[in-house]
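As stored in query.txt (compact mmCIF, C-alpha atoms):
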# COMPACT_ATOMS: atom_id res chain seq x y z
CA MET A 195 0.00 0.00 0.00
CA ALA A 196 2.90 2.34 0.76
CA ARG A 197 3.86 2.33 -2.94
CA PHE A 198 0.61 4.13 -3.75
CA LEU A 199 0.95 6.83 -1.09
CA LEU A 200 2.91 10.06 -0.87
CA ASP A 201 6.68 9.52 -0.91
CA ILE A 202 8.24 11.62 1.89
CA THR A 203 11.82 10.51 1.17
CA PRO A 204 12.96 14.07 0.20
CA LEU A 205 11.65 15.38 3.53
CA ARG A 206 13.35 12.62 5.47
CA GLU A 207 16.73 12.65 3.71
CA ILE A 208 17.32 16.26 2.62
CA PRO A 209 17.29 18.86 5.44
CA ALA A 210 17.51 21.82 3.03
CA PHE A 211 14.44 20.62 1.12
CA ARG A 212 12.60 19.93 4.38
CA ARG A 213 13.14 23.53 5.48
CA LEU A 214 12.09 24.88 2.07
CA TRP A 215 8.94 22.77 2.10
CA MET A 216 8.00 23.84 5.63
CA GLY A 217 8.58 27.49 4.78
CA SER A 218 6.60 27.25 1.55
CA THR A 219 3.73 25.48 3.30
CA LEU A 220 3.35 28.11 6.01
CA SER A 221 3.83 31.10 3.71
CA MET A 222 1.39 29.66 1.15
CA LEU A 223 -1.21 29.14 3.85
CA GLY A 224 -0.62 32.65 5.14
CA SER A 225 -0.91 34.10 1.63
CA GLN A 226 -4.43 32.67 1.37
CA PHE A 227 -5.35 34.74 4.44
CA THR A 228 -4.16 37.82 2.56
CA VAL A 229 -5.90 36.90 -0.70
CA ILE A 230 -9.30 36.55 0.94
CA ALA A 231 -8.75 39.55 3.24
CA ILE A 232 -7.87 41.87 0.34
CA SER A 233 -10.98 40.84 -1.62
CA LEU A 234 -13.21 41.32 1.42
CA GLU A 235 -11.64 44.66 2.33
CA VAL A 236 -11.90 46.06 -1.20
CA PHE A 237 -15.56 45.05 -1.33
CA GLU A 238 -16.20 46.58 2.09
CA LEU A 239 -14.64 49.86 0.95
CA THR A 240 -16.30 50.05 -2.48
CA ARG A 241 -19.31 47.68 -2.50
CA SER A 242 -18.25 46.93 -6.07
CA THR A 243 -17.46 43.52 -7.55
CA PHE A 244 -15.70 45.36 -10.39
CA ALA A 245 -13.33 46.91 -7.85
CA VAL A 246 -12.66 43.44 -6.43
CA GLY A 247 -11.92 42.18 -9.94
CA LEU A 248 -9.37 44.96 -10.42
CA VAL A 249 -7.28 43.38 -7.65
CA GLY A 250 -6.41 40.63 -10.14
CA VAL A 251 -5.37 43.18 -12.77
CA PHE A 252 -3.09 45.03 -10.36
CA ALA A 253 -1.57 41.69 -9.34
CA LEU A 254 -1.16 40.09 -12.77
CA VAL A 255 0.84 42.72 -14.67
CA PRO A 256 3.64 43.10 -12.07
CA LEU A 257 3.76 39.31 -11.65
CA ILE A 258 4.38 38.81 -15.38
CA VAL A 259 7.06 41.53 -15.61
CA ALA A 260 8.83 40.50 -12.41
CA GLY A 261 8.49 36.78 -13.19
CA LEU A 262 10.62 37.15 -16.33
CA TYR A 263 13.16 39.40 -14.63
CA GLY A 264 13.24 37.22 -11.49
CA GLY A 265 14.20 34.21 -13.57
CA SER A 266 17.05 36.23 -15.05
CA ILE A 267 18.24 37.16 -11.55
CA GLY A 268 18.14 33.51 -10.52
CA ASP A 269 20.46 32.54 -13.38
CA THR A 270 23.00 35.33 -12.93
CA THR A 271 23.40 35.61 -9.14
CA ASP A 272 23.73 33.35 -6.12
CA ARG A 273 20.27 31.77 -5.82
CA ARG A 274 20.49 31.61 -2.04
CA LEU A 275 20.98 35.38 -1.81
CA ALA A 276 18.37 36.05 -4.52
CA GLY A 277 15.86 33.83 -2.73
CA LEU A 278 16.63 35.41 0.63
CA TRP A 279 16.28 39.01 -0.51
CA THR A 280 13.15 38.42 -2.60
CA THR A 281 11.58 36.65 0.40
CA VAL A 282 12.48 39.71 2.50
CA GLY A 283 10.69 41.82 -0.11
CA LEU A 284 7.57 39.66 0.14
CA PHE A 285 7.72 39.87 3.92
CA ALA A 286 8.02 43.67 3.77
CA MET A 287 4.97 44.02 1.54
CA THR A 288 2.92 41.78 3.84
CA VAL A 289 4.03 43.91 6.80
CA ALA A 290 2.88 46.97 4.81
CA LEU A 291 -0.56 45.37 4.40
CA ALA A 292 -0.74 44.69 8.12
CA ALA A 293 0.42 48.24 8.93
CA HIS A 294 -2.21 49.84 6.70
CA ALA A 295 -4.89 47.79 8.45
CA TRP A 296 -3.65 48.52 11.99
CA LEU A 297 -3.40 52.24 11.12
CA ASP A 298 -6.93 52.10 9.65
CA VAL A 299 -5.90 53.54 6.27
CA ARG A 300 -9.19 53.01 4.49
CA SER A 301 -8.04 53.64 0.92
CA VAL A 302 -8.57 51.28 -1.98
CA GLY A 303 -5.79 53.07 -3.86
CA VAL A 304 -3.30 52.21 -1.13
CA LEU A 305 -4.47 48.60 -1.23
CA TYR A 306 -4.05 48.39 -5.00
CA SER A 307 -0.54 49.86 -4.70
CA ILE A 308 0.57 47.38 -2.05
CA VAL A 309 -0.99 44.50 -4.02
CA ALA A 310 1.03 45.52 -7.11
CA LEU A 311 4.28 45.75 -5.12
CA HIS A 312 3.55 42.46 -3.35
CA SER A 313 2.91 40.76 -6.70
CA PHE A 314 6.14 42.22 -8.09
CA ALA A 315 8.09 40.76 -5.16
CA GLN A 316 6.31 37.43 -5.66
CA GLY A 317 7.25 37.43 -9.34
CA LEU A 318 10.91 37.91 -8.42
CA ASN A 319 10.78 35.20 -5.75
CA GLN A 320 8.94 32.31 -7.41
CA PRO A 321 11.31 31.62 -10.36
CA VAL A 322 14.31 31.71 -8.02
CA ARG A 323 12.65 29.34 -5.58
CA GLY A 324 11.67 26.98 -8.39
CA ALA A 325 15.23 26.93 -9.73
CA ILE A 326 16.66 26.18 -6.25
CA VAL A 327 14.80 22.88 -5.85
CA PRO A 328 16.76 20.89 -8.49
CA ARG A 329 20.00 22.11 -6.86
CA VAL A 330 19.13 20.57 -3.48
CA VAL A 331 17.09 17.52 -4.59
CA PRO A 332 18.58 14.64 -6.65
CA MET A 333 16.95 14.20 -10.05
CA ARG A 334 15.50 10.80 -9.12
CA GLN A 335 13.61 12.41 -6.22
CA LEU A 336 12.23 15.43 -8.14
CA PRO A 337 8.79 13.83 -8.82
CA ALA A 338 8.37 13.04 -5.11
CA ALA A 339 9.50 16.56 -4.13
CA ASN A 340 7.08 18.17 -6.58
CA ALA A 341 4.26 15.93 -5.35
CA LEU A 342 4.90 17.26 -1.83
CA PHE A 343 4.63 20.83 -3.10
CA GLN A 344 1.44 19.93 -5.00
CA LEU A 345 -0.09 18.51 -1.82
CA THR A 346 0.78 21.71 0.00
CA MET A 347 -0.73 23.88 -2.72
CA GLY A 348 -3.96 21.93 -2.90
CA SER A 349 -4.37 21.82 0.87
CA CYS A 350 -3.72 25.55 1.26
CA LEU A 351 -6.12 26.45 -1.56
CA MET A 352 -8.77 24.27 0.04
CA ILE A 353 -8.55 25.38 3.69
CA GLY A 354 -6.70 28.70 3.48
CA PRO A 355 -9.62 30.86 2.27
CA LEU A 356 -11.91 29.33 4.91
CA LEU A 357 -9.44 30.03 7.71
CA GLY A 358 -8.76 33.49 6.29
CA ALA A 359 -12.44 34.40 6.12
CA PHE A 360 -12.93 33.11 9.67
CA THR A 361 -9.99 35.22 10.88
CA VAL A 362 -11.35 38.35 9.21
CA ALA A 363 -14.81 37.74 10.68
CA ALA A 364 -13.53 36.98 14.19
CA LEU A 365 -10.45 39.22 14.54
CA GLY A 366 -10.51 41.71 11.67
CA PHE A 367 -8.33 42.44 8.64
CA GLN A 368 -5.39 43.41 10.85
CA TRP A 369 -4.85 39.91 12.19
CA ALA A 370 -5.34 38.23 8.81
CA TYR A 371 -2.49 40.27 7.35
CA THR A 372 -0.39 39.93 10.52
CA LEU A 373 -0.68 36.15 10.53
CA ASP A 374 0.50 36.12 6.90
CA ALA A 375 3.52 38.25 7.84
CA MET A 376 4.34 35.91 10.71
CA SER A 377 4.17 32.90 8.38
CA PHE A 378 7.26 34.17 6.52
CA GLY A 379 9.52 33.45 9.48
CA VAL A 380 10.19 29.83 8.54
CA SER A 381 10.58 30.71 4.86
CA LEU A 382 13.24 33.32 5.68
CA TRP A 383 15.01 30.83 7.94
CA ALA A 384 14.94 28.16 5.21
CA MET A 385 16.54 30.51 2.67
CA TYR A 386 19.15 31.71 5.17
CA LYS A 387 20.20 28.13 5.98
CA LEU A 388 20.79 27.16 2.33
CA PRO A 389 24.38 26.75 1.15
CA SER A 390 25.74 29.16 -1.43
CA LEU A 391 24.22 28.43 -4.87
CA PRO A 392 26.25 30.45 -7.40
CA PRO A 393 25.50 30.25 -11.14
CA GLU A 394 26.90 27.20 -12.87
CA PRO A 395 28.70 27.72 -16.20
CA GLY A 396 27.09 26.09 -19.18
CA GLU A 397 26.92 25.96 -22.94
CA HIS A 398 23.66 27.89 -23.18
CA GLY A 399 23.20 31.31 -21.69
CA ALA A 400 26.29 31.40 -19.48
CA ALA A 401 25.90 33.66 -16.49
CA ARG A 402 25.62 37.34 -17.45
CA ARG A 403 24.02 40.37 -15.91
CA ALA A 404 20.28 40.11 -15.31
CA GLY A 405 18.27 42.07 -17.82
CA PHE A 406 16.30 42.07 -21.07
CA ARG A 407 19.00 40.32 -23.08
CA SER A 408 19.17 37.52 -20.54
CA VAL A 409 15.39 37.07 -20.68
CA VAL A 410 15.48 36.92 -24.49
CA GLU A 411 18.08 34.15 -24.27
CA GLY A 412 15.61 32.13 -22.20
CA PHE A 413 12.90 32.50 -24.83
CA ALA A 414 15.38 31.66 -27.60
CA PHE A 415 16.36 28.46 -25.81
CA LEU A 416 12.70 27.50 -25.30
CA ALA A 417 11.94 28.11 -28.99
CA THR A 418 14.44 25.43 -30.02
CA ARG A 419 13.51 22.79 -27.43
CA PRO A 420 10.28 20.99 -28.47
CA ASN A 421 9.82 18.90 -25.32
CA LEU A 422 9.97 21.92 -23.02
CA ARG A 423 7.81 23.94 -25.39
CA MET A 424 5.22 21.16 -25.41
CA THR A 425 4.73 21.43 -21.64
CA PHE A 426 3.82 25.10 -21.99
CA LEU A 427 1.49 24.49 -24.95
CA LEU A 428 -0.36 21.70 -23.15
CA ASP A 429 -0.88 23.91 -20.13
CA LEU A 430 -2.18 26.79 -22.24
CA ALA A 431 -4.59 24.46 -24.06
CA ALA A 432 -6.01 23.29 -20.73
CA MET A 433 -6.18 26.63 -18.93
CA VAL A 434 -7.27 28.94 -21.76
CA PHE A 435 -10.01 26.72 -23.20
CA ALA A 436 -11.13 24.45 -20.36
CA MET A 437 -10.83 26.35 -17.06
CA PRO A 438 -14.44 26.53 -15.79
CA ARG A 439 -14.12 28.65 -12.63
CA ALA A 440 -15.54 31.80 -14.27
CA LEU A 441 -18.82 29.87 -14.62
CA PHE A 442 -19.09 28.98 -10.93
CA PRO A 443 -20.91 32.15 -9.76
CA VAL A 444 -23.73 31.88 -12.32
CA LEU A 445 -24.02 28.13 -11.74
CA GLY A 446 -24.25 28.63 -8.00
CA ALA A 447 -26.87 31.32 -8.39
CA SER A 448 -29.09 29.55 -10.92
CA VAL A 449 -28.40 26.28 -12.71
CA LEU A 450 -27.21 24.25 -9.73
CA GLY A 451 -29.71 25.91 -7.43
CA GLY A 452 -27.58 27.22 -4.64
CA ASP A 453 -25.78 30.29 -3.29
CA GLN A 454 -22.26 31.41 -2.44
CA PHE A 455 -21.76 28.16 -0.54
CA THR A 456 -22.38 26.27 -3.80
CA VAL A 457 -19.67 28.33 -5.48
CA GLY A 458 -17.37 27.47 -2.60
CA LEU A 459 -18.11 23.76 -3.01
CA LEU A 460 -17.29 23.82 -6.72
CA THR A 461 -14.04 25.69 -6.07
CA ALA A 462 -13.08 23.41 -3.19
CA ALA A 463 -13.73 20.32 -5.33
CA LEU A 464 -10.95 21.32 -7.74
CA ALA A 465 -8.56 21.94 -4.85
CA ALA A 466 -9.54 18.68 -3.15
CA GLY A 467 -8.56 16.81 -6.30
CA SER A 468 -5.06 18.22 -5.95
CA VAL A 469 -4.91 17.03 -2.34
CA ILE A 470 -6.02 13.51 -3.32
CA ALA A 471 -3.43 13.41 -6.11
CA GLY A 472 -0.76 14.41 -3.61
CA ILE A 473 -1.75 11.80 -1.04
CA PHE A 474 -1.72 9.01 -3.61
CA SER A 475 1.18 10.37 -5.66
CA GLY A 476 3.14 7.16 -5.10
CA THR A 477 0.89 5.74 -7.80
CA PHE A 478 2.50 7.78 -10.56
CA ILE A 479 5.79 9.36 -9.40
CA ARG A 480 7.65 6.17 -10.44
CA ILE A 481 6.50 6.55 -14.04
CA ASN A 482 9.48 7.26 -16.32
CA HIS A 483 7.55 8.19 -19.48
CA HIS A 484 6.71 11.70 -18.29
CA GLY A 485 5.66 12.91 -21.74
CA ARG A 486 2.93 10.31 -22.06
CA ALA A 487 1.79 10.83 -18.48
CA CYS A 488 1.59 14.61 -18.88
CA THR A 489 -0.35 14.33 -22.15
CA ALA A 490 -2.75 11.77 -20.67
CA ALA A 491 -3.37 14.00 -17.64
CA VAL A 492 -4.21 17.05 -19.79
CA ALA A 493 -6.51 14.92 -21.95
CA GLY A 494 -8.09 13.57 -18.77
CA TRP A 495 -8.66 17.15 -17.56
CA ALA A 496 -10.45 17.94 -20.82
CA VAL A 497 -12.68 14.86 -20.54
CA CYS A 498 -13.60 15.74 -16.95
CA ILE A 499 -14.56 19.30 -17.90
CA MET A 500 -16.59 17.91 -20.82
CA ALA A 501 -18.46 15.74 -18.30
CA PHE A 502 -18.96 18.81 -16.09
CA GLY A 503 -20.44 20.72 -19.04
CA ALA A 504 -22.75 17.78 -19.81
CA VAL A 505 -24.03 17.71 -16.22
CA VAL A 506 -24.66 21.46 -16.32
CA LEU A 507 -26.52 21.13 -19.64
CA LEU A 508 -28.74 18.39 -18.23
CA ALA A 509 -29.41 20.40 -15.08
CA SER A 510 -30.29 23.51 -17.11
CA HIS A 511 -32.97 21.44 -18.88
CA GLY A 512 -34.54 20.34 -15.64
CA TRP A 513 -32.73 17.10 -14.84
CA GLY A 514 -32.42 16.49 -11.13
CA ALA A 515 -34.47 19.55 -10.19
CA ASP A 516 -34.95 19.88 -6.43
CA THR A 517 -32.33 17.18 -5.80
CA VAL A 518 -28.63 17.28 -4.92
CA TRP A 519 -27.62 15.08 -7.86
CA PRO A 520 -26.55 17.83 -10.31
CA LEU A 521 -24.39 19.52 -7.66
CA ALA A 522 -23.00 16.21 -6.37
CA LEU A 523 -22.03 15.02 -9.87
CA SER A 524 -20.56 18.42 -10.71
CA CYS A 525 -18.36 18.28 -7.60
CA LEU A 526 -17.37 14.69 -8.40
CA VAL A 527 -16.17 15.43 -11.94
CA LEU A 528 -14.42 18.61 -10.76
CA LEU A 529 -12.68 16.52 -8.11
CA ALA A 530 -11.44 14.19 -10.84
CA ALA A 531 -10.41 17.22 -12.91
CA GLY A 532 -8.40 18.51 -9.95
CA VAL A 533 -6.56 15.19 -9.79
CA MET A 534 -5.74 15.40 -13.50
CA ASP A 535 -4.58 19.00 -13.21
CA SER A 536 -2.30 18.16 -10.29
CA VAL A 537 -0.76 15.19 -12.09
CA SER A 538 -0.20 17.32 -15.18
CA MET A 539 1.43 20.07 -13.12
CA LEU A 540 3.71 17.57 -11.38
CA PHE A 541 5.06 16.12 -14.62
CA ARG A 542 5.31 19.49 -16.38
CA THR A 543 7.27 20.92 -13.46
CA THR A 544 9.56 17.90 -13.26
CA ILE A 545 10.26 17.95 -17.01
CA LEU A 546 11.06 21.67 -16.83
CA GLN A 547 13.44 21.20 -13.90
CA ALA A 548 15.15 18.06 -15.20
CA ALA A 549 15.53 18.89 -18.90
CA THR A 550 16.64 22.51 -18.54
CA PRO A 551 20.36 23.25 -18.01
CA ASP A 552 20.92 24.69 -14.55
CA ASN A 553 22.17 28.04 -15.87
CA LEU A 554 18.82 28.52 -17.65
CA ARG A 555 16.45 27.13 -15.03
CA GLY A 556 15.64 30.51 -13.50
CA ARG A 557 14.63 32.04 -16.82
CA LEU A 558 12.53 29.02 -17.80
CA GLN A 559 10.90 29.09 -14.38
CA GLY A 560 10.11 32.76 -14.99
CA ILE A 561 8.37 31.92 -18.27
CA PHE A 562 6.58 29.10 -16.45
CA ILE A 563 5.28 31.59 -13.85
CA VAL A 564 3.96 33.84 -16.62
CA VAL A 565 2.13 30.94 -18.30
CA VAL A 566 0.73 29.59 -15.01
CA ALA A 567 -0.44 33.05 -13.95
CA GLY A 568 -1.70 34.28 -17.31
CA GLY A 569 -3.28 31.11 -18.73
CA PRO A 570 -6.10 30.73 -16.18
CA ARG A 571 -6.91 34.43 -16.39
CA LEU A 572 -7.22 34.22 -20.16
CA GLY A 573 -9.35 31.15 -19.52
CA ASP A 574 -11.60 33.13 -17.20
CA ALA A 575 -12.16 35.68 -19.95
CA ALA A 576 -12.78 33.03 -22.61
CA MET A 577 -15.11 30.92 -20.48
CA GLY A 578 -16.93 33.96 -19.15
CA THR A 579 -17.55 35.20 -22.69
CA GLY A 580 -18.65 31.74 -23.83
CA GLY A 581 -20.97 31.44 -20.86
CA GLN A 582 -22.58 34.76 -21.74
CA TRP A 583 -23.11 33.86 -25.40
CA LEU A 584 -23.76 30.12 -25.28
CA GLY A 585 -24.76 29.41 -21.70
CA PRO A 586 -22.49 27.81 -19.07
CA GLY A 587 -23.09 24.20 -20.09
CA TRP A 588 -22.23 24.67 -23.75
CA ALA A 589 -19.29 26.92 -22.85
CA ALA A 590 -17.73 24.24 -20.62
CA LEU A 591 -18.47 21.40 -23.05
CA GLY A 592 -17.29 23.31 -26.11
CA GLY A 593 -14.15 24.70 -24.47
CA ALA A 594 -13.12 21.29 -23.14
CA THR A 595 -13.71 19.74 -26.56
CA ILE A 596 -11.41 22.34 -28.14
CA CYS A 597 -8.83 21.53 -25.46
CA LEU A 598 -8.96 17.80 -26.23
CA LEU A 599 -8.66 18.43 -29.97
CA LEU A 600 -5.65 20.68 -29.35
CA VAL A 601 -3.99 17.96 -27.26
CA LEU A 602 -4.41 15.50 -30.13
CA LEU A 603 -3.07 18.08 -32.60
CA LEU A 604 -0.04 18.86 -30.41
CA VAL A 605 0.79 15.16 -30.07
CA ARG A 606 0.71 14.88 -33.84
CA LEU A 607 2.92 17.97 -34.29
CA PHE A 608 5.43 16.96 -31.58
CA PRO A 609 5.45 13.14 -31.51
CA ALA A 610 8.86 13.00 -29.80
CA PHE A 611 7.26 14.29 -26.61
CA MET A 612 5.50 10.97 -26.19
CA ARG A 613 8.93 9.31 -26.04
CA TYR A 614 10.28 11.64 -23.35
CA ASP A 615 11.91 9.49 -20.64
CA ALA A 616 12.89 10.77 -17.20
CA ARG A 617 15.95 8.49 -17.27
CA ASP A 618 17.33 10.53 -20.17
CA PRO A 619 15.71 13.99 -19.97
CA GLN A 620 16.00 15.80 -23.29
CA PRO A 621 14.68 19.35 -23.69
What does the file become when written as structure tokens?
Amino acid sequence: MARFLLDITPLREIPAFRRLWMGSTLSMLGSQFTVIAISLEVFELTRSTFAVGLVGVFALVPLIVAGLYGGSIGDTTDRRLAGLWTTVGLFAMTVALAAHAWLDVRSVGVLYSIVALHSFAQGLNQPVRGAIVPRVVPMRQLPAANALFQLTMGSCLMIGPLLGAFTVAALGFQWAYTLDAMSFGVSLWAMYKLPSLPPEPGEHGAARRAGFRSVVEGFAFLATRPNLRMTFLLDLAAMVFAMPRALFPVLGASVLGGDQFTVGLLTAALAAGSVIAGIFSGTFIRINHHGRACTAAVAGWAVCIMAFGAVVLLASHGWGADTVWPLALSCLVLLAAGVMDSVSMLFRTTILQAATPDNLRGRLQGIFIVVVAGGPRLGDAAMGTGGQWLGPGWAALGGATICLLLVLLLVRLFPAFMRYDARDPQP
């Protein structure tokens, strides 16, 4: 049975990874307190859902810009120092959020400004952190290490907003932001305790000064490496055309006959799938054919979202009226979709870390951050537009069908990806 469960070998054998994982877990949980608190505070100040939506805009643009530049920093400087100072920057912005709340600065403009600066610091930090992991974890243990991070992410996304909302309701915005700031303590300690991680010389993109030219070198490398490029294309196909979360509010209010709690259930179902995938990650982390596994997981995601769209279509035509069946089946297929998404993310991350030369990992991680951040937001726009024109059921079914067709097309265009083997990682 142990072969099917989460492999904790990296935690047990690698102290540096154990500290990084603990720090990431606590800071990720704390960040969910801030995410929910900012949304609630902006709504309290403005009573406008549009104003709440602008939070995402102010966060996305700095994240994209800093994500590319942060990857460049990670490839041209000591990653320990880069990780430490960018974590300090994140900590400072969280302290600024707490200070504005304790000082009762009731200004949405101030909130937007701090959100933008916080997102900029996050964009600098994430590529560096992602590039550190392959330097402290042996290649054979990367799938297990990434599964541990996936479990953390899913768990925090599932329980973090609930705990954050409870904290805001019981103690106020001040304590939600303060608890997030306190959560950075372990993360700072983990970065401080790392050994020096200077840039390694290499054939491609040898260490230079961080900047635009360095970023361009990362894109040029990606353009000539079909296996790495395939991981990005598969993710974009899934997130742009088959991410259904923009449909959850209208489904909760009408088709699935519920309220905000229904929206929460649908959202939590996706996150719960990630948790289940993490717990049972022993089932697939020993797979060597990562290309096939990644492709199958993205195709599985598309099929699950197609099933979700079919359930919504049936419910919109009266099936299961006044029963829990439409909502229960919707949550079930979204749970399965969350499993597929987590498995896909695990293999895409592992391929990116293993097949990229170390002196380019930061820049490729930066591009990865941009795709991961931008893809779902493009998907929200696409699915929201489709839901308005076609109805939520047809939007989900049609978008997922396009996703599946794109997966089949990509496999035909890049057949070598299906032969990708973790024992001989080729970019």
Rounded to one decimal place, report the CA of Leu602 in chain A-CA of Ala531 in chain A distance in Å. 18.3 Å
Which is closest to Asn553 in chain A among A:Gly224, A:Gly324, A:Pro392, A:Pro256, if we use all atoms listed in the file?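 Counting all atoms listed in the file, the residue closest to Asn553 in chain A is A:Pro392.
Atom pair CA of Val444 in chain A / CA of Trp588 in chain A has a distance of 13.6 Å (rounded to one decimal).
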If we count only C-alpha atoms and set the cut-off at 9 Å, which residues sit around Ala290 in chain A, ignoring sequence neighbours fewer than 4 positions away in its own chain? Please answer as a ChimeraX atom specification. /A:285-286,294-295,308,371
May I ask for the distance between CA of Gly581 in chain A and CA of Leu441 in chain A, given in Å to one decimal place?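 CA of Gly581 in chain A sits 6.8 Å away from CA of Leu441 in chain A.
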All residues 6 Å or closer to range 483-492 of chain A, all atoms listed in the file, same chain fewer than 6 positions away omitted, as an mmCIF file with C-alpha atoms, in the frame of the given file:
data_model
loop_
_atom_site.group_PDB
_atom_site.id
_atom_site.type_symbol
_atom_site.label_atom_id
_atom_site.label_comp_id
_atom_site.auth_asym_id
_atom_site.auth_seq_id
_atom_site.Cartn_x
_atom_site.Cartn_y
_atom_site.Cartn_z
ATOM 1 C CA MET A 534 -5.740 15.400 -13.500
ATOM 2 C CA SER A 538 -0.200 17.320 -15.180
ATOM 3 C CA PHE A 541 5.060 16.120 -14.620
ATOM 4 C CA PHE A 611 7.260 14.290 -26.610
ATOM 5 C CA MET A 612 5.500 10.970 -26.190
ATOM 6 C CA TYR A 614 10.280 11.640 -23.350
ATOM 7 C CA ASP A 615 11.910 9.490 -20.640
#
